[in-house]
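File shown here: target_25.txt, holding compact mmCIF, N, CA and C atoms.
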```txt
# COMPACT_ATOMS: atom_id res chain seq x y z
N MET M 1 42.27 214.39 97.25
CA MET M 1 41.30 214.64 96.21
C MET M 1 41.98 215.35 95.06
N CYS M 2 41.43 215.19 93.89
CA CYS M 2 42.03 215.75 92.69
C CYS M 2 41.02 216.62 91.95
N GLY M 3 41.28 217.89 91.89
CA GLY M 3 40.42 218.78 91.15
C GLY M 3 38.97 218.78 91.61
N GLY M 4 38.74 218.43 92.86
CA GLY M 4 37.39 218.42 93.39
C GLY M 4 36.58 217.21 93.02
N LYS M 5 37.11 216.32 92.19
CA LYS M 5 36.36 215.16 91.77
C LYS M 5 36.80 213.89 92.47
N GLY M 6 37.97 213.89 93.05
CA GLY M 6 38.48 212.67 93.66
C GLY M 6 37.68 212.28 94.89
N ARG M 7 37.75 211.02 95.21
CA ARG M 7 37.11 210.54 96.42
C ARG M 7 38.20 210.27 97.43
N LEU M 8 37.93 210.59 98.67
CA LEU M 8 38.88 210.29 99.72
C LEU M 8 38.97 208.79 99.90
N HIS M 9 40.17 208.32 100.15
CA HIS M 9 40.34 206.88 100.38
C HIS M 9 39.79 206.53 101.75
N THR M 10 38.99 205.50 101.78
CA THR M 10 38.49 204.98 103.05
C THR M 10 38.71 203.48 103.05
N HIS M 11 38.89 202.94 104.19
CA HIS M 11 39.07 201.50 104.31
C HIS M 11 37.73 200.81 104.10
N ASP M 12 37.71 199.82 103.23
CA ASP M 12 36.47 199.10 102.97
C ASP M 12 36.07 198.25 104.16
N THR M 13 34.86 198.44 104.58
CA THR M 13 34.32 197.58 105.64
C THR M 13 33.12 196.80 105.14
N ASP M 14 32.63 197.14 103.97
CA ASP M 14 31.51 196.42 103.39
C ASP M 14 32.00 195.05 102.93
N ILE M 15 31.46 194.01 103.50
CA ILE M 15 31.93 192.65 103.24
C ILE M 15 31.77 192.26 101.77
N GLU M 16 30.71 192.73 101.13
CA GLU M 16 30.49 192.40 99.72
C GLU M 16 31.57 193.04 98.85
N THR M 17 31.92 194.28 99.11
CA THR M 17 32.96 194.96 98.36
C THR M 17 34.30 194.24 98.54
N VAL M 18 34.60 193.87 99.76
CA VAL M 18 35.85 193.16 100.04
C VAL M 18 35.87 191.81 99.34
N TRP M 19 34.76 191.10 99.38
CA TRP M 19 34.69 189.78 98.74
C TRP M 19 34.88 189.89 97.23
N GLN M 20 34.23 190.86 96.60
CA GLN M 20 34.36 191.00 95.15
C GLN M 20 35.77 191.44 94.77
N SER M 21 36.40 192.23 95.60
CA SER M 21 37.79 192.62 95.37
C SER M 21 38.71 191.40 95.44
N HIS M 22 38.43 190.51 96.37
CA HIS M 22 39.19 189.25 96.48
C HIS M 22 39.01 188.43 95.20
N ARG M 23 37.79 188.35 94.72
CA ARG M 23 37.52 187.59 93.49
C ARG M 23 38.23 188.22 92.28
N LEU M 24 38.31 189.54 92.27
CA LEU M 24 39.04 190.23 91.20
C LEU M 24 40.51 189.82 91.22
N ARG M 25 41.11 189.82 92.39
CA ARG M 25 42.53 189.42 92.50
C ARG M 25 42.72 187.98 92.07
N LYS M 26 41.76 187.13 92.40
CA LYS M 26 41.85 185.73 91.98
C LYS M 26 41.75 185.62 90.46
N ALA M 27 40.91 186.43 89.85
CA ALA M 27 40.79 186.44 88.39
C ALA M 27 42.11 186.88 87.75
N GLU M 28 42.76 187.88 88.35
CA GLU M 28 44.06 188.31 87.83
C GLU M 28 45.07 187.17 87.89
N LEU M 29 45.08 186.45 88.99
CA LEU M 29 45.99 185.32 89.13
C LEU M 29 45.70 184.23 88.11
N LEU M 30 44.43 183.95 87.89
CA LEU M 30 44.06 182.95 86.89
C LEU M 30 44.56 183.38 85.50
N PHE M 31 44.41 184.64 85.20
CA PHE M 31 44.89 185.15 83.91
C PHE M 31 46.41 184.96 83.80
N LEU M 32 47.12 185.33 84.84
CA LEU M 32 48.58 185.20 84.83
C LEU M 32 49.02 183.74 84.77
N GLN M 33 48.18 182.83 85.22
CA GLN M 33 48.48 181.40 85.16
C GLN M 33 48.10 180.80 83.80
N GLY M 34 47.66 181.64 82.88
CA GLY M 34 47.33 181.16 81.55
C GLY M 34 45.95 180.55 81.44
N LYS M 35 45.04 180.99 82.28
CA LYS M 35 43.66 180.50 82.27
C LYS M 35 42.70 181.65 81.98
N PRO M 36 42.76 182.21 80.77
CA PRO M 36 41.98 183.42 80.48
C PRO M 36 40.47 183.21 80.52
N ASP M 37 39.99 182.03 80.13
CA ASP M 37 38.54 181.82 80.15
C ASP M 37 37.99 181.78 81.57
N GLU M 38 38.72 181.12 82.47
CA GLU M 38 38.30 181.08 83.87
C GLU M 38 38.38 182.48 84.47
N ALA M 39 39.45 183.20 84.14
CA ALA M 39 39.63 184.56 84.65
C ALA M 39 38.51 185.47 84.17
N LEU M 40 38.16 185.34 82.90
CA LEU M 40 37.10 186.16 82.32
C LEU M 40 35.77 185.92 83.03
N ALA M 41 35.43 184.67 83.22
CA ALA M 41 34.16 184.34 83.88
C ALA M 41 34.12 184.88 85.31
N LEU M 42 35.19 184.69 86.05
CA LEU M 42 35.22 185.14 87.44
C LEU M 42 35.18 186.66 87.53
N CYS M 43 35.97 187.32 86.70
CA CYS M 43 36.03 188.78 86.74
C CYS M 43 34.69 189.40 86.32
N ALA M 44 34.08 188.85 85.27
CA ALA M 44 32.79 189.37 84.82
C ALA M 44 31.72 189.19 85.89
N ASP M 45 31.75 188.06 86.57
CA ASP M 45 30.79 187.80 87.64
C ASP M 45 31.01 188.75 88.82
N ALA M 46 32.26 188.96 89.18
CA ALA M 46 32.57 189.87 90.28
C ALA M 46 32.15 191.30 89.93
N LYS M 47 32.40 191.71 88.68
CA LYS M 47 31.99 193.06 88.26
C LYS M 47 30.48 193.21 88.34
N ALA M 48 29.75 192.19 87.90
CA ALA M 48 28.29 192.24 87.96
C ALA M 48 27.81 192.40 89.40
N ALA M 49 28.48 191.73 90.32
CA ALA M 49 28.11 191.84 91.73
C ALA M 49 28.40 193.24 92.27
N VAL M 50 29.53 193.83 91.86
CA VAL M 50 29.88 195.18 92.32
C VAL M 50 28.90 196.20 91.77
N GLN M 51 28.41 195.98 90.56
CA GLN M 51 27.46 196.91 89.98
C GLN M 51 26.18 197.00 90.80
N LYS M 52 25.90 196.00 91.58
CA LYS M 52 24.69 196.00 92.42
C LYS M 52 24.89 196.71 93.74
N ILE M 53 26.14 197.04 94.07
CA ILE M 53 26.44 197.72 95.33
C ILE M 53 26.25 199.22 95.14
N GLU M 54 25.35 199.78 95.90
CA GLU M 54 25.06 201.20 95.78
C GLU M 54 26.30 202.04 96.11
N GLY M 55 26.59 202.99 95.24
CA GLY M 55 27.71 203.89 95.47
C GLY M 55 29.06 203.34 95.08
N ALA M 56 29.10 202.20 94.43
CA ALA M 56 30.39 201.59 94.07
C ALA M 56 30.71 201.73 92.58
N GLU M 57 29.99 202.58 91.87
CA GLU M 57 30.19 202.71 90.42
C GLU M 57 31.62 203.08 90.07
N TYR M 58 32.24 203.92 90.89
CA TYR M 58 33.59 204.37 90.59
C TYR M 58 34.61 203.23 90.69
N ARG M 59 34.24 202.12 91.31
CA ARG M 59 35.15 200.97 91.44
C ARG M 59 35.19 200.09 90.20
N LEU M 60 34.29 200.28 89.29
CA LEU M 60 34.18 199.38 88.14
C LEU M 60 35.43 199.37 87.26
N ASN M 61 36.19 200.45 87.27
CA ASN M 61 37.40 200.48 86.45
C ASN M 61 38.42 199.42 86.87
N GLU M 62 38.46 199.09 88.14
CA GLU M 62 39.36 198.02 88.59
C GLU M 62 39.04 196.72 87.88
N TYR M 63 37.78 196.43 87.74
CA TYR M 63 37.32 195.20 87.10
C TYR M 63 37.50 195.29 85.59
N ASP M 64 37.18 196.45 85.04
CA ASP M 64 37.34 196.63 83.60
C ASP M 64 38.80 196.52 83.18
N ARG M 65 39.70 197.01 84.02
CA ARG M 65 41.13 196.95 83.68
C ARG M 65 41.56 195.50 83.45
N VAL M 66 41.09 194.60 84.30
CA VAL M 66 41.42 193.18 84.16
C VAL M 66 40.70 192.58 82.96
N LEU M 67 39.44 192.92 82.78
CA LEU M 67 38.69 192.41 81.63
C LEU M 67 39.34 192.85 80.32
N ILE M 68 39.80 194.08 80.26
CA ILE M 68 40.46 194.58 79.05
C ILE M 68 41.72 193.77 78.76
N MET M 69 42.51 193.51 79.80
CA MET M 69 43.71 192.68 79.63
C MET M 69 43.36 191.31 79.04
N ILE M 70 42.33 190.71 79.58
CA ILE M 70 41.92 189.37 79.13
C ILE M 70 41.45 189.41 77.68
N TYR M 71 40.55 190.35 77.37
CA TYR M 71 40.05 190.47 76.00
C TYR M 71 41.19 190.75 75.02
N GLN M 72 42.09 191.61 75.42
CA GLN M 72 43.23 191.93 74.56
C GLN M 72 44.07 190.68 74.30
N ALA M 73 44.36 189.92 75.33
CA ALA M 73 45.16 188.70 75.19
C ALA M 73 44.46 187.68 74.29
N LYS M 74 43.15 187.67 74.33
CA LYS M 74 42.38 186.74 73.50
C LYS M 74 42.18 187.26 72.07
N GLY M 75 42.64 188.49 71.81
CA GLY M 75 42.48 189.07 70.48
C GLY M 75 41.09 189.63 70.24
N GLU M 76 40.32 189.81 71.28
CA GLU M 76 38.96 190.34 71.17
C GLU M 76 39.01 191.85 71.40
N PHE M 77 39.54 192.54 70.38
CA PHE M 77 39.82 193.96 70.52
C PHE M 77 38.57 194.83 70.57
N THR M 78 37.50 194.43 69.94
CA THR M 78 36.28 195.23 69.96
C THR M 78 35.72 195.32 71.38
N GLN M 79 35.64 194.18 72.06
CA GLN M 79 35.14 194.17 73.44
C GLN M 79 36.08 194.95 74.36
N ALA M 80 37.37 194.76 74.14
CA ALA M 80 38.36 195.46 74.97
C ALA M 80 38.26 196.97 74.77
N GLU M 81 38.12 197.39 73.52
CA GLU M 81 38.02 198.83 73.25
C GLU M 81 36.75 199.43 73.86
N GLN M 82 35.65 198.72 73.75
CA GLN M 82 34.41 199.22 74.34
C GLN M 82 34.57 199.45 75.84
N LEU M 83 35.15 198.48 76.52
CA LEU M 83 35.38 198.64 77.96
C LEU M 83 36.38 199.77 78.25
N ALA M 84 37.40 199.88 77.42
CA ALA M 84 38.42 200.92 77.62
C ALA M 84 37.80 202.31 77.49
N VAL M 85 36.93 202.49 76.52
CA VAL M 85 36.26 203.78 76.34
C VAL M 85 35.36 204.08 77.54
N GLU M 86 34.59 203.08 77.97
CA GLU M 86 33.72 203.26 79.14
C GLU M 86 34.54 203.59 80.39
N SER M 87 35.66 202.91 80.55
CA SER M 87 36.52 203.14 81.72
C SER M 87 37.08 204.56 81.72
N LEU M 88 37.53 205.00 80.55
CA LEU M 88 38.07 206.36 80.45
C LEU M 88 36.99 207.39 80.77
N GLU M 89 35.80 207.20 80.22
CA GLU M 89 34.71 208.13 80.51
C GLU M 89 34.37 208.13 81.99
N ARG M 90 34.36 206.96 82.60
CA ARG M 90 34.07 206.86 84.03
C ARG M 90 35.15 207.54 84.86
N ALA M 91 36.40 207.33 84.49
CA ALA M 91 37.51 207.97 85.20
C ALA M 91 37.44 209.48 85.09
N LEU M 92 37.14 209.97 83.90
CA LEU M 92 37.01 211.42 83.73
C LEU M 92 35.87 211.97 84.58
N HIS M 93 34.78 211.24 84.65
CA HIS M 93 33.62 211.68 85.42
C HIS M 93 33.91 211.69 86.93
N TYR M 94 34.44 210.58 87.43
CA TYR M 94 34.63 210.45 88.88
C TYR M 94 35.94 211.02 89.38
N ARG M 95 36.96 211.04 88.55
CA ARG M 95 38.28 211.42 89.03
C ARG M 95 38.84 212.70 88.42
N GLY M 96 38.46 213.00 87.19
CA GLY M 96 39.02 214.16 86.51
C GLY M 96 40.18 213.76 85.62
N ARG M 97 40.61 214.69 84.79
CA ARG M 97 41.60 214.34 83.77
C ARG M 97 43.02 214.17 84.28
N TYR M 98 43.33 214.65 85.49
CA TYR M 98 44.69 214.59 85.99
C TYR M 98 44.94 213.44 86.96
N PHE M 99 43.93 212.72 87.33
CA PHE M 99 44.07 211.67 88.34
C PHE M 99 44.72 210.43 87.73
N LYS M 100 45.46 209.69 88.55
CA LYS M 100 46.19 208.53 88.04
C LYS M 100 45.28 207.49 87.39
N ASP M 101 44.05 207.34 87.88
CA ASP M 101 43.12 206.37 87.29
C ASP M 101 42.84 206.73 85.83
N THR M 102 42.68 208.00 85.57
CA THR M 102 42.42 208.46 84.20
C THR M 102 43.64 208.20 83.32
N LEU M 103 44.81 208.49 83.84
CA LEU M 103 46.03 208.26 83.08
C LEU M 103 46.27 206.77 82.84
N MET M 104 45.94 205.95 83.82
CA MET M 104 46.06 204.50 83.65
C MET M 104 45.11 204.01 82.56
N CYS M 105 43.91 204.58 82.51
CA CYS M 105 42.96 204.21 81.45
C CYS M 105 43.51 204.58 80.08
N ARG M 106 44.07 205.77 79.98
CA ARG M 106 44.64 206.20 78.70
C ARG M 106 45.82 205.31 78.29
N GLU M 107 46.67 204.99 79.26
CA GLU M 107 47.82 204.13 78.95
C GLU M 107 47.35 202.74 78.50
N GLN M 108 46.37 202.19 79.20
CA GLN M 108 45.88 200.87 78.81
C GLN M 108 45.23 200.93 77.43
N MET M 109 44.54 202.02 77.14
CA MET M 109 43.93 202.17 75.83
C MET M 109 45.02 202.24 74.76
N GLY M 110 46.11 202.94 75.05
CA GLY M 110 47.24 202.98 74.12
C GLY M 110 47.83 201.60 73.90
N ASP M 111 47.99 200.84 74.97
CA ASP M 111 48.51 199.47 74.86
C ASP M 111 47.58 198.61 74.01
N LEU M 112 46.30 198.79 74.20
CA LEU M 112 45.31 198.04 73.43
C LEU M 112 45.42 198.39 71.94
N TYR M 113 45.54 199.67 71.64
CA TYR M 113 45.66 200.09 70.25
C TYR M 113 46.94 199.56 69.62
N ILE M 114 48.02 199.52 70.37
CA ILE M 114 49.27 198.95 69.85
C ILE M 114 49.04 197.48 69.49
N ALA M 115 48.42 196.73 70.40
CA ALA M 115 48.17 195.30 70.17
C ALA M 115 47.26 195.09 68.96
N ALA M 116 46.36 196.04 68.72
CA ALA M 116 45.43 195.93 67.60
C ALA M 116 46.02 196.48 66.30
N GLY M 117 47.26 196.99 66.37
CA GLY M 117 47.90 197.53 65.18
C GLY M 117 47.47 198.94 64.82
N ARG M 118 46.91 199.65 65.75
CA ARG M 118 46.40 201.02 65.51
C ARG M 118 47.36 202.02 66.17
N THR M 119 48.53 202.16 65.57
CA THR M 119 49.61 202.92 66.20
C THR M 119 49.32 204.41 66.34
N GLN M 120 48.63 205.01 65.39
CA GLN M 120 48.35 206.45 65.49
C GLN M 120 47.44 206.75 66.69
N GLU M 121 46.43 205.90 66.87
CA GLU M 121 45.54 206.10 68.02
C GLU M 121 46.28 205.84 69.33
N ALA M 122 47.16 204.86 69.32
CA ALA M 122 47.98 204.58 70.51
C ALA M 122 48.86 205.78 70.83
N ALA M 123 49.51 206.32 69.81
CA ALA M 123 50.39 207.47 70.02
C ALA M 123 49.63 208.65 70.60
N TRP M 124 48.39 208.86 70.14
CA TRP M 124 47.58 209.97 70.66
C TRP M 124 47.31 209.78 72.15
N GLN M 125 46.97 208.54 72.56
CA GLN M 125 46.71 208.28 73.98
C GLN M 125 47.96 208.48 74.82
N TYR M 126 49.09 207.97 74.36
CA TYR M 126 50.34 208.13 75.10
C TYR M 126 50.74 209.60 75.18
N ARG M 127 50.59 210.31 74.08
CA ARG M 127 50.93 211.73 74.05
C ARG M 127 50.05 212.51 75.03
N THR M 128 48.78 212.17 75.06
CA THR M 128 47.86 212.83 76.00
C THR M 128 48.32 212.61 77.44
N CYS M 129 48.75 211.41 77.75
CA CYS M 129 49.27 211.13 79.11
C CYS M 129 50.47 212.00 79.43
N LEU M 130 51.36 212.15 78.49
CA LEU M 130 52.59 212.90 78.72
C LEU M 130 52.36 214.40 78.80
N MET M 131 51.32 214.87 78.13
CA MET M 131 51.07 216.33 78.10
C MET M 131 50.30 216.81 79.32
N ILE M 132 49.73 215.90 80.07
CA ILE M 132 48.91 216.32 81.21
C ILE M 132 49.77 216.69 82.37
```
Kindly present the structure from the file in C-alpha cells form.
Amino acid sequence: MCGGKGRLHTHDTDIETVWQSHRLRKAELLFLQGKPDEALALCADAKAAVQKIEGAEYRLNEYDRVLIMIYQAKGEFTQAEQLAVESLERALHYRGRYFKDTLMCREQMGDLYIAAGRTQEAAWQYRTCLMI
C-alpha cells in the first residue's frame, strides 16, 4: 500500500473482470497491428463493461491508458487530454501522488502534450514526476 491509499493486490477471480482485461489486451494488440479504429471500439466497450462492475472504478485507468494512446495516435488530442486528466485525478484519489499509477498518468500526459506541441505543459508533467 502507498500512503494509506493503495489497494492490496489480489488475484482476480471475478470472471467479468478477467474477461474485460482480456479484451483490453486484445485492443492493445489491435492498436499495435495498426488497427486503431477496431482497437478503439473494443477498448471503449470493455471499459464500459468494467464501469458496471461494482468496486472496479480504480481499474479504469488501465483502459484509459490504452484509449489515450489510440486518441493520441489519431491526432484527437482533446479526447486524449480529457481522459488523461480524469485518469490523473482517479490515480490521485485511489493511489496517492507517489504511486506508480499516478506517475504513469503524469508521464503519459507529458507524452500527449509533446505530441500536441505543448512543450511547456509536457515539461511541467515530467518535472513533477522527477521531483516526487
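Note that the spacing between atom C of M:Ala122 and atom C of M:Met104 amounts to 12.4 Å.
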Mind listing as an MDAnalysis selection string all residues within 8 Å of (30.4, 206.2, 89.4), counting all atoms listed in the file? chainID M and resid 55:60 90:91 93:94
Can you tell me which residues surround M:Leu103 at a distance of at most 8 Å, considering all atoms listed in the file, apart from same-chain residues fewer than 5 positions away, and format the answer as a VMD selection string? chain M and resid 88 91 to 92 96 to 98 108 to 109 128 to 129
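For the pair atom CA of M:Asp101 and atom N of M:Asn61, the interatomic distance is 9.1 Å.
The space separating atom CA of M:Ala41 from atom N of M:Leu112 comes to 21.2 Å.
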Apply DSSP to the backbone of this structure and, from stretch 27-127 of chain M, keep only the residues in helix (DSSP H, G or I); write these as a PyMOL selection string. chain M and resi 27-32+36-51+57-73+77-94+100-115+119-127
Might you pull out every residue within 8 Å of stretch 15-21 of chain M, with all atoms listed in the file counted and same-chain residues fewer than 6 positions away left off, and present them as a short mmCIF file (atom, residue, chain, number, x, y, z; two decimals) with N, CA and C atoms, in the frame of the given file?
```cif
data_model
loop_
_atom_site.label_atom_id
_atom_site.label_comp_id
_atom_site.auth_asym_id
_atom_site.auth_seq_id
_atom_site.Cartn_x
_atom_site.Cartn_y
_atom_site.Cartn_z
N ALA M 27 40.91 186.43 89.85
CA ALA M 27 40.79 186.44 88.39
C ALA M 27 42.11 186.88 87.75
N ASP M 45 31.75 188.06 86.57
CA ASP M 45 30.79 187.80 87.64
C ASP M 45 31.01 188.75 88.82
N ALA M 46 32.26 188.96 89.18
CA ALA M 46 32.57 189.87 90.28
C ALA M 46 32.15 191.30 89.93
N LYS M 47 32.40 191.71 88.68
CA LYS M 47 31.99 193.06 88.26
C LYS M 47 30.48 193.21 88.34
N ALA M 49 28.48 191.73 90.32
CA ALA M 49 28.11 191.84 91.73
C ALA M 49 28.40 193.24 92.27
N VAL M 50 29.53 193.83 91.86
CA VAL M 50 29.88 195.18 92.32
C VAL M 50 28.90 196.20 91.77
N ILE M 53 26.14 197.04 94.07
CA ILE M 53 26.44 197.72 95.33
C ILE M 53 26.25 199.22 95.14
#
```
Write out as a PyMOL selection string the residues lying within 7 Å of stretch 66-81 of chain M, counting all atoms listed in the file and excluding same-chain residues fewer than 4 positions away. chain M and resi 28+36+40+43-44+61-62+85-86+112+116
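For M:Glu121, the list of residues within 8 Å, based on only N, CA and C atoms and with local chain neighbours fewer than 3 positions off taken out, reads Met109, Gly110, Asp111, Leu112, Tyr113, Ile114, Gly117, Arg118, Trp124, Gln125, Tyr126 and Arg127 of chain M.
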Completion of stretch 112-123 of chain M up to all heavy atoms, as a CSV table (one decimal), keeping the file's coordinate frame:
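Final output, rebuild.csv:
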```
chain,number,residue,atom,x,y,z
M,112,LEU,N,46.3,198.8,74.2
M,112,LEU,CA,45.3,198.0,73.4
M,112,LEU,C,45.4,198.4,71.9
M,112,LEU,O,45.4,197.5,71.1
M,112,LEU,CB,43.9,198.3,74.0
M,112,LEU,CG,42.7,197.8,73.1
M,112,LEU,CD1,42.7,196.3,73.1
M,112,LEU,CD2,41.4,198.4,73.7
M,113,TYR,N,45.5,199.7,71.6
M,113,TYR,CA,45.7,200.1,70.2
M,113,TYR,C,46.9,199.6,69.6
M,113,TYR,O,46.9,199.2,68.4
M,113,TYR,CB,45.6,201.6,70.1
M,113,TYR,CG,44.2,202.2,70.4
M,113,TYR,CD1,44.0,203.4,71.0
M,113,TYR,CD2,43.1,201.5,70.0
M,113,TYR,CE1,42.8,203.9,71.2
M,113,TYR,CE2,41.8,202.0,70.2
M,113,TYR,CZ,41.6,203.2,70.8
M,113,TYR,OH,40.4,203.8,71.0
M,114,ILE,N,48.0,199.5,70.4
M,114,ILE,CA,49.3,199.0,69.8
M,114,ILE,C,49.0,197.5,69.5
M,114,ILE,O,49.4,197.0,68.4
M,114,ILE,CB,50.4,199.1,70.9
M,114,ILE,CG1,50.9,200.5,71.0
M,114,ILE,CG2,51.6,198.1,70.5
M,114,ILE,CD1,51.7,201.0,69.8
M,115,ALA,N,48.4,196.7,70.4
M,115,ALA,CA,48.2,195.3,70.2
M,115,ALA,C,47.3,195.1,69.0
M,115,ALA,O,47.4,194.1,68.3
M,115,ALA,CB,47.6,194.7,71.4
M,116,ALA,N,46.4,196.0,68.7
M,116,ALA,CA,45.4,195.9,67.6
M,116,ALA,C,46.0,196.5,66.3
M,116,ALA,O,45.4,196.5,65.3
M,116,ALA,CB,44.1,196.6,67.9
M,117,GLY,N,47.3,197.0,66.4
M,117,GLY,CA,47.9,197.5,65.2
M,117,GLY,C,47.5,198.9,64.8
M,117,GLY,O,47.7,199.4,63.7
M,118,ARG,N,46.9,199.6,65.8
M,118,ARG,CA,46.4,201.0,65.5
M,118,ARG,C,47.4,202.0,66.2
M,118,ARG,O,47.0,202.6,67.2
M,118,ARG,CB,45.0,201.1,66.0
M,118,ARG,CG,44.0,200.2,65.3
M,118,ARG,CD,42.7,199.9,66.0
M,118,ARG,NE,42.0,201.1,66.3
M,118,ARG,CZ,40.8,201.1,67.0
M,118,ARG,NH1,40.3,200.0,67.4
M,118,ARG,NH2,40.2,202.2,67.2
M,119,THR,N,48.5,202.2,65.6
M,119,THR,CA,49.6,202.9,66.2
M,119,THR,C,49.3,204.4,66.3
M,119,THR,O,49.8,205.0,67.3
M,119,THR,CB,50.9,202.7,65.4
M,119,THR,OG1,50.7,203.0,64.1
M,119,THR,CG2,51.4,201.3,65.6
M,120,GLN,N,48.6,205.0,65.4
M,120,GLN,CA,48.4,206.4,65.5
M,120,GLN,C,47.4,206.8,66.7
M,120,GLN,O,47.7,207.7,67.4
M,120,GLN,CB,47.7,207.0,64.2
M,120,GLN,CG,48.8,207.1,63.1
M,120,GLN,CD,48.2,207.8,61.9
M,120,GLN,OE1,47.0,207.8,61.6
M,120,GLN,NE2,49.1,208.4,61.1
M,121,GLU,N,46.4,205.9,66.9
M,121,GLU,CA,45.5,206.1,68.0
M,121,GLU,C,46.3,205.8,69.3
M,121,GLU,O,46.1,206.5,70.3
M,121,GLU,CB,44.3,205.2,67.9
M,121,GLU,CG,43.4,205.6,66.8
M,121,GLU,CD,42.5,204.5,66.3
M,121,GLU,OE1,43.0,203.5,65.8
M,121,GLU,OE2,41.3,204.6,66.5
M,122,ALA,N,47.2,204.9,69.3
M,122,ALA,CA,48.0,204.6,70.5
M,122,ALA,C,48.9,205.8,70.8
M,122,ALA,O,48.9,206.2,72.0
M,122,ALA,CB,48.8,203.3,70.3
M,123,ALA,N,49.5,206.3,69.8
M,123,ALA,CA,50.4,207.5,70.0
M,123,ALA,C,49.6,208.6,70.6
M,123,ALA,O,50.1,209.4,71.5
M,123,ALA,CB,51.0,207.9,68.7
```
